[in-house]
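These notes concern the structure reproduced below.
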Amino acid sequence: MPEDGRGRHETPNERADRRWIELLQEVRVAQTGAQILFGFLLSVVFTPRFATLEPFDRNLYVVTVVLGALATGALIAPVAYHRLLAGRRLKPELVDATARVVTLGVVLLALTVGSALLLLLHLATGTLTAWLIVAAVMVWFTMWWFLLPWLLLRRNGHHQHDHRPGHR
């Protein structure tokens, strides 16, 4: 079995199987958060307070719900990909495509959280304070979810995420 340079002795199919299992574990965590947030967002429109919202807050709510729907859809996409591609000897391609859509789902989830937080804080504290807090939270998400992993990849010489045989 070929070695991938990091101490693993895996065939391309074994690597794809391992990556698929890891990806599904990651998706379970993100998917749960997205679904809970989206479900809560759907219920907001049915509360008495919703009717009293200003146009900015109503529009922000619509944006938040749409972002939540997109995030949920992207994080559930692995199910559809797998159903359509299973058994067709495309596991490495399936894993790569799914990894990309899950990454998009995580970005959309971060935007959904930021948008929901802005809606809540705009109603609770006023515009400037809400924007400052949300900006700080979004910087925090960007740092921990995206910037630090990217820096780790750069530090270790991985400029691209390419797991095809013969590519690093």
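How things are named: the first chain in the structure tokens is A, the next is B, and so on; residues count from 1 in each chain; ligands count from 1 in the order shown.
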* From a DSSP calculation on the backbone, collect every residue of chain A in alpha helix (DSSP H) and output the set as a VMD selection string. => chain A and resid 12 to 44 55 to 85 91 to 125 127 to 141 148 to 155
Suppose we keep C-alpha atoms; can you now write the selection as a short mmCIF file (atom, residue, chain, number, x, y, z; two decimals), in the first residue's frame?
```cif
data_model
loop_
_atom_site.label_atom_id
_atom_site.label_comp_id
_atom_site.auth_asym_id
_atom_site.auth_seq_id
_atom_site.Cartn_x
_atom_site.Cartn_y
_atom_site.Cartn_z
CA PRO A 12 -6.70 5.70 -2.68
CA ASN A 13 -9.94 3.86 -1.88
CA GLU A 14 -8.99 3.36 1.77
CA ARG A 15 -8.09 7.05 2.00
CA ALA A 16 -11.45 8.01 0.45
CA ASP A 17 -13.31 5.72 2.88
CA ARG A 18 -11.47 7.24 5.86
CA ARG A 19 -12.05 10.80 4.66
CA TRP A 20 -15.75 10.03 4.07
CA ILE A 21 -16.20 8.74 7.64
CA GLU A 22 -14.35 11.77 9.05
CA LEU A 23 -16.44 14.13 6.92
CA LEU A 24 -19.69 12.56 8.11
CA GLN A 25 -18.63 12.99 11.74
CA GLU A 26 -17.88 16.67 11.11
CA VAL A 27 -21.19 17.16 9.31
CA ARG A 28 -23.15 15.66 12.21
CA VAL A 29 -21.86 18.38 14.52
CA ALA A 30 -22.43 21.30 12.13
CA GLN A 31 -25.74 19.94 10.86
CA THR A 32 -27.20 19.69 14.34
CA GLY A 33 -26.36 23.31 15.12
CA ALA A 34 -27.70 24.52 11.79
CA GLN A 35 -30.95 22.58 12.14
CA ILE A 36 -31.61 23.81 15.69
CA LEU A 37 -30.91 27.42 14.72
CA PHE A 38 -33.00 27.15 11.55
CA GLY A 39 -35.91 25.58 13.45
CA PHE A 40 -35.82 28.37 16.00
CA LEU A 41 -35.71 30.99 13.24
CA LEU A 42 -38.76 29.48 11.56
CA SER A 43 -40.76 29.84 14.78
CA VAL A 44 -39.94 33.53 15.29
CA PRO A 55 -38.60 47.14 8.31
CA PHE A 56 -34.84 46.77 8.92
CA ASP A 57 -35.43 44.00 11.44
CA ARG A 58 -37.98 42.24 9.23
CA ASN A 59 -35.58 42.33 6.28
CA LEU A 60 -32.73 41.12 8.47
CA TYR A 61 -34.97 38.28 9.64
CA VAL A 62 -35.66 37.27 6.02
CA VAL A 63 -31.92 37.33 5.22
CA THR A 64 -31.22 35.27 8.34
CA VAL A 65 -33.83 32.64 7.49
CA VAL A 66 -32.58 32.37 3.90
CA LEU A 67 -28.98 32.00 5.13
CA GLY A 68 -30.17 29.33 7.59
CA ALA A 69 -31.98 27.45 4.83
CA LEU A 70 -28.90 27.59 2.59
CA ALA A 71 -26.61 26.44 5.41
CA THR A 72 -28.94 23.57 6.29
CA GLY A 73 -29.19 22.55 2.63
CA ALA A 74 -25.43 22.60 2.15
CA LEU A 75 -24.84 20.58 5.31
CA ILE A 76 -27.44 17.98 4.30
CA ALA A 77 -26.04 17.79 0.74
CA PRO A 78 -23.72 14.85 1.57
CA VAL A 79 -26.82 12.65 1.86
CA ALA A 80 -27.97 13.56 -1.65
CA TYR A 81 -24.46 13.27 -3.09
CA HIS A 82 -24.04 9.83 -1.55
CA ARG A 83 -27.45 8.61 -2.70
CA LEU A 84 -26.76 9.73 -6.28
CA LEU A 85 -23.14 8.54 -6.46
CA LYS A 91 -15.72 7.66 -3.74
CA PRO A 92 -12.68 10.00 -4.02
CA GLU A 93 -14.68 12.39 -6.22
CA LEU A 94 -17.68 12.10 -3.88
CA VAL A 95 -15.53 12.97 -0.87
CA ASP A 96 -13.88 15.94 -2.62
CA ALA A 97 -17.19 17.38 -3.86
CA THR A 98 -18.88 16.85 -0.53
CA ALA A 99 -15.98 18.44 1.35
CA ARG A 100 -16.39 21.58 -0.76
CA VAL A 101 -20.14 21.84 -0.18
CA VAL A 102 -19.69 21.21 3.56
CA THR A 103 -17.11 24.01 3.68
CA LEU A 104 -19.67 26.26 2.01
CA GLY A 105 -22.23 25.10 4.58
CA VAL A 106 -19.91 26.05 7.44
CA VAL A 107 -19.40 29.52 5.92
CA LEU A 108 -23.17 29.90 5.52
CA LEU A 109 -23.70 28.70 9.10
CA ALA A 110 -21.27 31.35 10.39
CA LEU A 111 -23.14 34.00 8.39
CA THR A 112 -26.46 32.72 9.74
CA VAL A 113 -25.21 32.94 13.32
CA GLY A 114 -23.88 36.45 12.68
CA SER A 115 -27.11 37.57 11.07
CA ALA A 116 -29.25 36.05 13.85
CA LEU A 117 -27.02 37.65 16.46
CA LEU A 118 -27.33 41.01 14.72
CA LEU A 119 -31.11 40.70 14.68
CA LEU A 120 -31.25 39.82 18.36
CA LEU A 121 -28.75 42.46 19.49
CA HIS A 122 -30.22 45.16 17.26
CA LEU A 123 -33.55 44.65 19.03
CA ALA A 124 -31.95 44.40 22.48
CA THR A 125 -29.24 47.06 22.54
CA THR A 127 -27.71 49.66 16.29
CA LEU A 128 -24.08 50.65 16.96
CA THR A 129 -23.57 48.30 19.90
CA ALA A 130 -25.14 45.42 17.96
CA TRP A 131 -22.92 45.98 14.93
CA LEU A 132 -19.76 46.18 17.07
CA ILE A 133 -20.53 42.99 18.97
CA VAL A 134 -21.45 41.09 15.79
CA ALA A 135 -18.29 42.31 14.06
CA ALA A 136 -16.23 41.00 16.99
CA VAL A 137 -18.02 37.64 16.92
CA MET A 138 -17.55 37.31 13.15
CA VAL A 139 -13.83 38.09 13.53
CA TRP A 140 -13.69 35.40 16.22
CA PHE A 141 -15.41 32.87 13.91
CA LEU A 148 -5.97 29.32 12.02
CA PRO A 149 -6.57 26.17 9.95
CA TRP A 150 -5.35 28.03 6.86
CA LEU A 151 -2.21 29.18 8.70
CA LEU A 152 -1.59 25.61 9.85
CA LEU A 153 -1.83 24.40 6.25
CA ARG A 154 0.56 27.09 5.05
CA ARG A 155 3.03 26.39 7.85
#
```
* Coordinates-based distance that separates CA of Phe46 (chain A) from CA of Gly126 (chain A) (Å, one decimal) -> 23.2 Å
